[in-house]
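Report on the following structure.
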Amino acid sequence: MIKKEVNHWAVQIEDLVKNFGAFTAVDRVSLQVKKGEIFGFLGPNGAGKSTTIRMLCGILAPTSGRGLVGGFDIYRETEKIKQNIGYMSQKFSLYEDLTVEENIDFYSGIYCLPREIRTDRKEWALRMAGLQERRTSLTNTLAGGWKQRLALGCAILHEPSILFLDEPTSGVDPLSRRRFWTLIYEMAGRGITIFVTTHYMDEAEYCDRLALIYRGKIIALGTPAELKKEYMPEAVWELETEYLVESLSLLKEQVGAIHESPLREVAVFGNTLHLVAPKGADLGTSLPSLLAGKGIPIRRLEQIDPSLEDVFVSLVEEKDRERL
Amino acid sequence: MSFGPVTAVDRLNLSVEKGEIFGLVGPDGSGKTTIMRLFSGILRPTSGEAWVLGHAITQEAEPLKDKIGYMAQRFALYGDLTVMENIHFYADLYSVSKKERIPRIERLLAFSNLTPFQDRLAQNLSGGMKQKLGLTCALVHTPEILFLDEPTNGVDPVSRRDFWRILYDLLREGVTIFVSTAYLDEAERCHRIGLMHQGRLLSLGSPREVKSWMKGDLWEVRCEKRMKAVAMLKNLSGVKGAGIFGDKIHVLLEDGDRAKKEMERTLKESGFEILSLRKIPPTLEDVFIATIPGQKE
C-alpha cells in the first residue's frame, strides 16, 4: 500500500497499467525509487519505457494503478509534479535557431523562475555544460555532446528534485557520454534522484538499481550485481579464436540442433564469442574437439561472469520462448 | 573535403579489402559521414581521388551506383507504405527486374526475419525492425559493397545483436562492408578499423594491432566509490588516465612497477578498499580515450 507520509521515496508506483485500445503498453508495473538514487530503466524498443516515464511525469493519464512522484499523485497533482521534476528526452527539445543563451532564457520563462535568480541559474547552467564560451552560438552549430549538456542544463534550471532522462546519450560518442555521466553523478551527489533509460549496457552499470521491462512487464529488478547473479538463468562462456566468422557459423548450426547440444545461443561480443549453455554443462571438453575437427584452433575458452548485456538478452529471449 | 573554411576530411588515405568488414570510428563531427558520402558518390571531394570497386568516384559515379548499397543515418523509409511496398520502391529505383526481384526479396525477408511483418506499415515497426528494413532495401539490387552510416544508433542490445548476425551472414556471401559506429564493442567485431578525429585518420589496423600500439600498462581496479577514486587517481603522478568502465575502474599507468605501487599505496591511504587489481589488455574504448586529444568536440 502506498503511504503518502513516507517520504524517503522519490517514486512509488503500484500496479500501473496503460492501455491503448486493445494494446497494453504498461502491464501492472510496480516499483519504488529512493531519493538520491540513480535508477536505470532498461528494455528493448517498444517495451513500454517511454509510456511509463510519460505517466510518471504527469503527461499521460494511466488506465489504472497508483503512483506518487515526489510525493504527488500522478492522477490529481500533475501540475505539482511538473514543477518538481526535470525531463530530457533523446530528441532534445532545444530551439535550433536560437542561441545557447536564448534557449536557457526561454526555459527560465517556461519554468517561471523569479527574475532575480535567472542570471545566477543561467551562469550555473552554462558553467555546468561547459558552454560559457559558446553562449552566443546558434544551437544548430553545436556538436551532439554539447547540445545534450545544454538540454540537461535547461531541464534543471528550476532545481527539480527528480530528473527523468529518456535515452539522453543516444547517438553521442563515447567521450561525450563519459562526460555526461560525470554530470549525472554530481547531481545524484547533491541529492537529485535520477530516473534514466538507456540502451548502453556500460551505462546501466553506473546505476544504483535497475529495472528491466519487456512487453510492458517488469521482468527483473535489482542492483547490477544482483541482476548478474540472480537473474542469469544460464552460464556464459567466452571463446577467443582467430577464426571468429568461421566459428560463429559453425556453432550457430549447433544451436537448437536436433541432436543433443547444450548450446542455447552464440553471439559476437567484441572480438570474442559469447556462448550460452545451461548451468553445469561442460563446454570445455566438447567444443574444442568439435572445432578442432573442422580445423579451427581456439585460443581460449572459459566460463565467465555474465555481462549485463548477456543478462538482458537472455531474459528477453527466455520470455520470447515462453510465448511460443 | 572542405565545406567553406571547414576541412571535414583532411588528406585521407586508406584501402579496404574485398570481403572484409571495415569500421570507421570517431567522435561526432570527426568526418565519418562525409567519408561515407564521398565513397558512395553523393559528394565530390575538394581534392584527391578514391576508387571504389575500381571506379574513380569523381568520374564514374553512375556505374558505381548499381554496385554499392548505402544506408544513411536517417534512412528514407516511407512510413505510410508497408514493409513490402518499401522494398519494391527501392527495387524500382535500382531497376531490378520483376523476375529477379521476387526470389531476391523472399530471401532478404527471411534473412532479416521480416517475413511475418511484410504487410505492416513501416511507421509501425520498432526501431530495430526499421533498421533491418533499411538494410533490406539497401541490399535489394545485390550490391558488392555496403556502406552503413551508424546503422545501430539508438537500437536496443537484442536488436543490435540481430543486426550484426545479419552482417556476418552477408560477409560470408562475399559482400564488403564499410560501417561507421559510435559503439566500440561493435568496432571490435570489424576486421580492420580506422580511428578518426577532426577529419584525420589517427590510427588504422586490425583491432588487435590498434590496441597493441597503446603505450603504458592498463590496470583494472575494483573498489567502492568509483567516482571519487577516479577523481583522485587522475591527479596522481605516473597515471596517464583513469575512467570508470562498468563496475570497475581502468587506470592507464606509465610502464614499470613504480607507478603501480604508488597507485596502490595512495588508494589505500585515502581509504579506498581495493577489492581486486589486475593488469588487463586494453579494449578499443581505452584506446579511443587515450588517443583522442583533450575534450575538444
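Just remember, in the C-alpha cells the first chain shown is A, the second B, etc., residues are 1-based per chain, and ligands are 1-based in the order shown.
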
Considering only C-alpha atoms, give me a table of residues in chain B that are at most 8 Å from chain A, with the closest atom pair and distance in Å for each, as a Markdown table.
| residue | atom | partner | partner_atom | distance |
| --- | --- | --- | --- | --- |
| B:Gly26 | CA | A:Asp173 | CA | 7.4 |
| B:Pro27 | CA | A:Asp173 | CA | 5.0 |
| B:Asp28 | CA | A:Asp173 | CA | 6.0 |
| B:Gly29 | CA | A:Ala143 | CA | 6.8 |
| B:Ser126 | CA | A:Asn45 | CA | 6.1 |
| B:Gly127 | CA | A:Asn45 | CA | 6.2 |
| B:Gly128 | CA | A:Asn45 | CA | 7.3 |
| B:Asn153 | CA | A:Gly171 | CA | 5.5 |
| B:Gly154 | CA | A:Ser170 | CA | 5.3 |
| B:Val155 | CA | A:His199 | CA | 6.9 |
| B:Asp156 | CA | A:Pro44 | CA | 5.1 |
| B:Pro157 | CA | A:His199 | CA | 6.5 |
| B:Val158 | CA | A:Val313 | CA | 5.6 |
| B:Ser159 | CA | A:Pro44 | CA | 7.9 |
| B:Arg161 | CA | A:Ala267 | CA | 7.0 |
| B:Arg165 | CA | A:Ala267 | CA | 7.8 |
| B:Tyr168 | CA | A:Val245 | CA | 6.9 |
| B:Ala182 | CA | A:Asp173 | CA | 5.5 |
| B:Tyr183 | CA | A:Pro174 | CA | 7.6 |
| B:Asp185 | CA | A:Gly270 | CA | 4.7 |
| B:Glu186 | CA | A:Gly270 | CA | 6.3 |
| B:Ala187 | CA | A:Gly270 | CA | 7.5 |
| B:Glu188 | CA | A:Gly270 | CA | 4.6 |
| B:Arg189 | CA | A:Gly270 | CA | 5.4 |
| B:Met227 | CA | A:Tyr185 | CA | 7.8 |
| B:Phe245 | CA | A:Asp202 | CA | 6.9 |
| B:Gly246 | CA | A:Glu205 | CA | 4.8 |
| B:Asp247 | CA | A:Glu205 | CA | 5.8 |
| B:Glu285 | CA | A:Pro174 | CA | 7.7 |
| B:Ile289 | CA | A:Leu175 | CA | 6.8 |
| B:Gln295 | CA | A:Leu175 | CA | 7.5 |
| B:Glu297 | CA | A:Ala143 | CA | 6.7 |

Taking the DSSP secondary structure from the backbone, can you list the residues of range 44-138 of chain A that are helix (DSSP H, G or I), as a PDB file with C-alpha atoms, in the first residue's frame?
ATOM      1  CA  LYS A  49       9.712   2.606 -21.145  1.00  0.00           C
ATOM      2  CA  SER A  50       8.639   5.950 -22.592  1.00  0.00           C
ATOM      3  CA  THR A  51       4.961   5.324 -21.777  1.00  0.00           C
ATOM      4  CA  THR A  52       5.882   4.694 -18.135  1.00  0.00           C
ATOM      5  CA  ILE A  53       8.027   7.826 -17.964  1.00  0.00           C
ATOM      6  CA  ARG A  54       5.273   9.927 -19.504  1.00  0.00           C
ATOM      7  CA  MET A  55       2.823   8.728 -16.852  1.00  0.00           C
ATOM      8  CA  LEU A  56       5.332   9.488 -14.102  1.00  0.00           C
ATOM      9  CA  THR A  78       0.180  16.555 -12.243  1.00  0.00           C
ATOM     10  CA  GLU A  79       0.856  20.295 -12.152  1.00  0.00           C
ATOM     11  CA  LYS A  80       2.786  19.963  -8.894  1.00  0.00           C
ATOM     12  CA  ILE A  81       4.723  17.038 -10.362  1.00  0.00           C
ATOM     13  CA  LYS A  82       5.722  19.128 -13.369  1.00  0.00           C
ATOM     14  CA  GLN A  83       7.105  21.852 -11.089  1.00  0.00           C
ATOM     15  CA  ASN A  84       9.230  19.364  -9.197  1.00  0.00           C
ATOM     16  CA  VAL A 100      22.599  28.828 -26.323  1.00  0.00           C
ATOM     17  CA  GLU A 101      21.676  31.713 -24.013  1.00  0.00           C
ATOM     18  CA  GLU A 102      18.297  32.276 -25.679  1.00  0.00           C
ATOM     19  CA  ASN A 103      17.378  28.632 -25.155  1.00  0.00           C
ATOM     20  CA  ILE A 104      18.213  28.925 -21.454  1.00  0.00           C
ATOM     21  CA  ASP A 105      16.215  32.178 -21.170  1.00  0.00           C
ATOM     22  CA  PHE A 106      13.288  30.505 -22.912  1.00  0.00           C
ATOM     23  CA  TYR A 107      13.220  27.655 -20.384  1.00  0.00           C
ATOM     24  CA  SER A 108      13.620  30.081 -17.448  1.00  0.00           C
ATOM     25  CA  GLY A 109      10.407  31.665 -18.714  1.00  0.00           C
ATOM     26  CA  ILE A 110       8.599  28.334 -19.095  1.00  0.00           C
ATOM     27  CA  ARG A 115      13.678  37.363 -12.385  1.00  0.00           C
ATOM     28  CA  GLU A 116      16.229  37.915  -9.621  1.00  0.00           C
ATOM     29  CA  ILE A 117      17.611  34.377  -9.777  1.00  0.00           C
ATOM     30  CA  ARG A 118      17.541  33.902 -13.573  1.00  0.00           C
ATOM     31  CA  THR A 119      21.039  35.294 -14.205  1.00  0.00           C
ATOM     32  CA  ASP A 120      22.536  33.127 -11.470  1.00  0.00           C
ATOM     33  CA  ARG A 121      20.845  29.992 -12.745  1.00  0.00           C
ATOM     34  CA  LYS A 122      21.868  30.760 -16.327  1.00  0.00           C
ATOM     35  CA  GLU A 123      25.515  31.176 -15.376  1.00  0.00           C
ATOM     36  CA  TRP A 124      25.329  27.979 -13.365  1.00  0.00           C
ATOM     37  CA  ALA A 125      23.860  26.059 -16.350  1.00  0.00           C
ATOM     38  CA  LEU A 126      26.466  27.471 -18.749  1.00  0.00           C
ATOM     39  CA  ARG A 127      29.280  26.520 -16.393  1.00  0.00           C
ATOM     40  CA  MET A 128      27.910  23.033 -15.781  1.00  0.00           C
ATOM     41  CA  ALA A 129      27.548  22.386 -19.506  1.00  0.00           C
ATOM     42  CA  GLN A 132      30.411  29.712 -21.306  1.00  0.00           C
ATOM     43  CA  GLU A 133      32.405  30.476 -24.437  1.00  0.00           C
ATOM     44  CA  ARG A 134      29.623  29.370 -26.770  1.00  0.00           C
TER      45      ARG A 134
END

> Can you list, as a list in words, every protein, DNA or RNA residue that comes within 10 Å of Asn124 in chain B when you count only C-alpha atoms, leaving out same-chain residues fewer than 3 positions away?
Replying inline: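 Close residues of Asn124 in chain B: Gly79, Asp80, Thr82, Val83, Arg120, Leu121, Gly127, Met129 and Lys130 of chain B.
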
Keeping N, CA and C atoms for every residue in the selection just given, could you write it to a file as a compact mmCIF listing (two decimals), in the first residue's frame?
# COMPACT_ATOMS: atom_id res chain seq x y z
N GLY B 79 6.87 5.83 -44.22
CA GLY B 79 6.09 5.37 -43.07
C GLY B 79 4.72 4.87 -43.46
N ASP B 80 4.13 5.47 -44.50
CA ASP B 80 2.77 5.08 -44.87
C ASP B 80 2.75 3.99 -45.95
N THR B 82 3.87 -0.16 -46.70
CA THR B 82 4.18 -1.36 -45.93
C THR B 82 5.64 -1.74 -46.14
N VAL B 83 6.09 -2.72 -45.36
CA VAL B 83 7.44 -3.25 -45.49
C VAL B 83 7.68 -3.67 -46.94
N ARG B 120 3.06 -4.94 -42.71
CA ARG B 120 2.94 -3.90 -41.68
C ARG B 120 3.44 -2.56 -42.24
N LEU B 121 2.79 -1.46 -41.86
CA LEU B 121 3.27 -0.14 -42.26
C LEU B 121 4.62 0.13 -41.61
N GLY B 127 12.23 0.35 -33.61
CA GLY B 127 13.48 0.92 -34.10
C GLY B 127 14.39 -0.12 -34.74
N MET B 129 13.58 -3.02 -36.02
CA MET B 129 13.00 -3.57 -37.24
C MET B 129 13.12 -2.58 -38.40
N LYS B 130 12.99 -1.29 -38.09
CA LYS B 130 13.18 -0.27 -39.14
C LYS B 130 14.60 -0.37 -39.72

>> Which residues are near Ile193 in chain B? Cut-off 9 Å, only C-alpha atoms, ignore same chain within fewer than 5 positions. Put them as a list in words.
In response: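 Using only C-alpha atoms, the neighbours found are Ile21, Phe22, Gly23, Leu24, Val25, Ala187, Glu188, Ser203, Leu204, Gly205, Ser206, Pro207 and Val210 of chain B.
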
>> I'd like the contact shell of Val276 in chain A - 8 Å cut-off, only C-alpha atoms, skipping same-chain residues fewer than 2 positions apart - returned as a ChimeraX atom specification.
In response: /A:234-237,263-266,274,278

How would the residues just chosen look if you wrote them out with N, CA and C atoms as a short mmCIF file (atom, residue, chain, number, x, y, z; two decimals), in the first residue's frame?
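again-v2.cif was written with the following content:
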data_model
loop_
_atom_site.label_atom_id
_atom_site.label_comp_id
_atom_site.auth_asym_id
_atom_site.auth_seq_id
_atom_site.Cartn_x
_atom_site.Cartn_y
_atom_site.Cartn_z
N GLU A 234 21.32 -19.00 -17.19
CA GLU A 234 22.26 -19.91 -17.83
C GLU A 234 23.69 -19.45 -17.62
N ALA A 235 24.63 -20.29 -18.02
CA ALA A 235 26.05 -19.96 -17.88
C ALA A 235 26.56 -19.35 -19.18
N VAL A 236 27.53 -18.44 -19.06
CA VAL A 236 28.12 -17.81 -20.23
C VAL A 236 29.58 -18.23 -20.35
N TRP A 237 29.95 -18.62 -21.56
CA TRP A 237 31.33 -19.00 -21.84
C TRP A 237 31.89 -18.02 -22.87
N LEU A 263 24.31 -25.96 -26.45
CA LEU A 263 24.39 -24.56 -26.82
C LEU A 263 23.01 -23.95 -27.01
N ARG A 264 22.77 -22.82 -26.33
CA ARG A 264 21.48 -22.14 -26.46
C ARG A 264 21.60 -20.91 -27.35
N GLU A 265 22.80 -20.32 -27.36
CA GLU A 265 22.93 -19.04 -28.05
C GLU A 265 24.42 -18.77 -28.31
N VAL A 266 24.71 -18.21 -29.48
CA VAL A 266 26.07 -17.81 -29.81
C VAL A 266 26.01 -16.38 -30.31
N HIS A 274 30.46 -15.08 -27.27
CA HIS A 274 29.85 -15.48 -26.02
C HIS A 274 28.89 -16.62 -26.30
N PRO A 278 23.23 -24.27 -20.56
CA PRO A 278 22.68 -24.49 -19.21
C PRO A 278 23.80 -24.57 -18.19
#

> Can you list, as a PyMOL selection string, every residue of range 195-237 of chain A that DSSP puts in strand (DSSP E)?
Replying inline: chain A and resi 195-197+209-214+217-222+234-237

At a cut-off of 9 Å, using only C-alpha atoms, what residues contact Arg101 in chain B? Leave out same-chain residues fewer than 6 positions from it and give the result as a CSV table (one decimal) with N, CA and C atoms, in the first residue's frame.
chain,number,residue,atom,x,y,z
B,88,HIS,N,9.8,-2.9,-52.6
B,88,HIS,CA,9.6,-2.7,-54.1
B,88,HIS,C,9.9,-1.4,-54.6
B,91,ALA,N,13.5,-1.4,-55.2
B,91,ALA,CA,13.8,-2.3,-56.3
B,91,ALA,C,13.5,-1.5,-57.6
B,140,VAL,N,18.7,-4.7,-52.0
B,140,VAL,CA,17.7,-5.3,-53.0
B,140,VAL,C,18.3,-5.5,-54.4
B,141,HIS,N,19.3,-4.6,-54.7
B,141,HIS,CA,20.0,-4.7,-56.0
B,141,HIS,C,21.3,-5.5,-56.0

> Near Gly36 in chain A, counting only C-alpha atoms, which residues have an atom at most 12 Å away, once you skip same-chain residues fewer than 6 positions from it, shown as a list of chain:residue names?
Replying inline: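 Result of the neighbour search: A:His8, A:Trp9, A:Ala10, A:Val11, A:Gly70, A:Pro160, A:Ser161, A:Ile162, A:Leu163, A:Ile184, A:Tyr185, A:Glu186, A:Met187, A:Ala188, A:Gly189, A:Arg190, A:Gly191, A:Ile192, A:Thr193, A:Ile194, A:Phe195, A:Cys207, A:Asp208, A:Arg209.
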
Store the residues picked out above in a file with N, CA and C atoms, as a PDB file, in the first residue's frame.
ATOM      1  N   HIS A   8      10.905   8.876   2.068  1.00  0.00           N
ATOM      2  CA  HIS A   8      12.238   8.612   1.528  1.00  0.00           C
ATOM      3  C   HIS A   8      12.168   8.004   0.128  1.00  0.00           C
ATOM      4  N   TRP A   9      10.972   7.957  -0.446  1.00  0.00           N
ATOM      5  CA  TRP A   9      10.838   7.506  -1.828  1.00  0.00           C
ATOM      6  C   TRP A   9      10.613   8.695  -2.750  1.00  0.00           C
ATOM      7  N   ALA A  10      11.326   8.704  -3.866  1.00  0.00           N
ATOM      8  CA  ALA A  10      11.099   9.745  -4.867  1.00  0.00           C
ATOM      9  C   ALA A  10       9.955   9.316  -5.793  1.00  0.00           C
ATOM     10  N   VAL A  11       9.919   8.016  -6.105  1.00  0.00           N
ATOM     11  CA  VAL A  11       8.894   7.484  -6.996  1.00  0.00           C
ATOM     12  C   VAL A  11       8.344   6.204  -6.381  1.00  0.00           C
ATOM     13  N   GLY A  70       7.601  12.328  -6.235  1.00  0.00           N
ATOM     14  CA  GLY A  70       7.943  13.428  -5.338  1.00  0.00           C
ATOM     15  C   GLY A  70       6.852  13.658  -4.298  1.00  0.00           C
ATOM     16  N   PRO A 160      14.928  20.890 -10.017  1.00  0.00           N
ATOM     17  CA  PRO A 160      13.971  19.826  -9.697  1.00  0.00           C
ATOM     18  C   PRO A 160      14.596  18.813  -8.740  1.00  0.00           C
ATOM     19  N   SER A 161      13.748  18.090  -8.021  1.00  0.00           N
ATOM     20  CA  SER A 161      14.287  17.084  -7.115  1.00  0.00           C
ATOM     21  C   SER A 161      14.409  15.726  -7.804  1.00  0.00           C
ATOM     22  N   ILE A 162      13.686  15.566  -8.913  1.00  0.00           N
ATOM     23  CA  ILE A 162      13.766  14.312  -9.669  1.00  0.00           C
ATOM     24  C   ILE A 162      13.995  14.640 -11.138  1.00  0.00           C
ATOM     25  N   LEU A 163      14.906  13.891 -11.754  1.00  0.00           N
ATOM     26  CA  LEU A 163      15.245  14.145 -13.139  1.00  0.00           C
ATOM     27  C   LEU A 163      14.957  12.886 -13.957  1.00  0.00           C
ATOM     28  N   ILE A 184      25.896  13.492 -14.260  1.00  0.00           N
ATOM     29  CA  ILE A 184      24.793  12.776 -13.608  1.00  0.00           C
ATOM     30  C   ILE A 184      25.194  12.398 -12.176  1.00  0.00           C
ATOM     31  N   TYR A 185      26.421  11.909 -12.042  1.00  0.00           N
ATOM     32  CA  TYR A 185      26.914  11.541 -10.708  1.00  0.00           C
ATOM     33  C   TYR A 185      26.946  12.739  -9.779  1.00  0.00           C
ATOM     34  N   GLU A 186      27.379  13.886 -10.325  1.00  0.00           N
ATOM     35  CA  GLU A 186      27.436  15.093  -9.493  1.00  0.00           C
ATOM     36  C   GLU A 186      26.049  15.464  -8.997  1.00  0.00           C
ATOM     37  N   MET A 187      25.055  15.343  -9.892  1.00  0.00           N
ATOM     38  CA  MET A 187      23.690  15.710  -9.495  1.00  0.00           C
ATOM     39  C   MET A 187      23.161  14.752  -8.447  1.00  0.00           C
ATOM     40  N   ALA A 188      23.413  13.457  -8.644  1.00  0.00           N
ATOM     41  CA  ALA A 188      22.960  12.475  -7.659  1.00  0.00           C
ATOM     42  C   ALA A 188      23.637  12.761  -6.324  1.00  0.00           C
ATOM     43  N   GLY A 189      24.915  13.180  -6.383  1.00  0.00           N
ATOM     44  CA  GLY A 189      25.653  13.512  -5.169  1.00  0.00           C
ATOM     45  C   GLY A 189      25.009  14.657  -4.406  1.00  0.00           C
ATOM     46  N   ARG A 190      24.296  15.526  -5.139  1.00  0.00           N
ATOM     47  CA  ARG A 190      23.624  16.645  -4.478  1.00  0.00           C
ATOM     48  C   ARG A 190      22.186  16.304  -4.086  1.00  0.00           C
ATOM     49  N   GLY A 191      21.847  15.016  -4.184  1.00  0.00           N
ATOM     50  CA  GLY A 191      20.547  14.578  -3.677  1.00  0.00           C
ATOM     51  C   GLY A 191      19.450  14.510  -4.727  1.00  0.00           C
ATOM     52  N   ILE A 192      19.772  14.830  -5.999  1.00  0.00           N
ATOM     53  CA  ILE A 192      18.747  14.735  -7.040  1.00  0.00           C
ATOM     54  C   ILE A 192      18.550  13.263  -7.419  1.00  0.00           C
ATOM     55  N   THR A 193      17.302  12.833  -7.518  1.00  0.00           N
ATOM     56  CA  THR A 193      17.004  11.468  -7.935  1.00  0.00           C
ATOM     57  C   THR A 193      17.053  11.412  -9.454  1.00  0.00           C
ATOM     58  N   ILE A 194      17.701  10.382  -9.986  1.00  0.00           N
ATOM     59  CA  ILE A 194      17.825  10.263 -11.444  1.00  0.00           C
ATOM     60  C   ILE A 194      17.099   9.009 -11.902  1.00  0.00           C
ATOM     61  N   PHE A 195      16.202   9.174 -12.861  1.00  0.00           N
ATOM     62  CA  PHE A 195      15.471   8.048 -13.450  1.00  0.00           C
ATOM     63  C   PHE A 195      15.836   8.062 -14.925  1.00  0.00           C
ATOM     64  N   CYS A 207      24.367   2.621 -12.759  1.00  0.00           N
ATOM     65  CA  CYS A 207      23.171   2.902 -11.965  1.00  0.00           C
ATOM     66  C   CYS A 207      23.227   2.167 -10.628  1.00  0.00           C
ATOM     67  N   ASP A 208      22.553   2.742  -9.607  1.00  0.00           N
ATOM     68  CA  ASP A 208      22.463   2.067  -8.315  1.00  0.00           C
ATOM     69  C   ASP A 208      21.568   0.840  -8.426  1.00  0.00           C
ATOM     70  N   ARG A 209      20.397   1.009  -9.051  1.00  0.00           N
ATOM     71  CA  ARG A 209      19.500  -0.123  -9.259  1.00  0.00           C
ATOM     72  C   ARG A 209      18.910  -0.066 -10.654  1.00  0.00           C
TER      73      ARG A 209
END
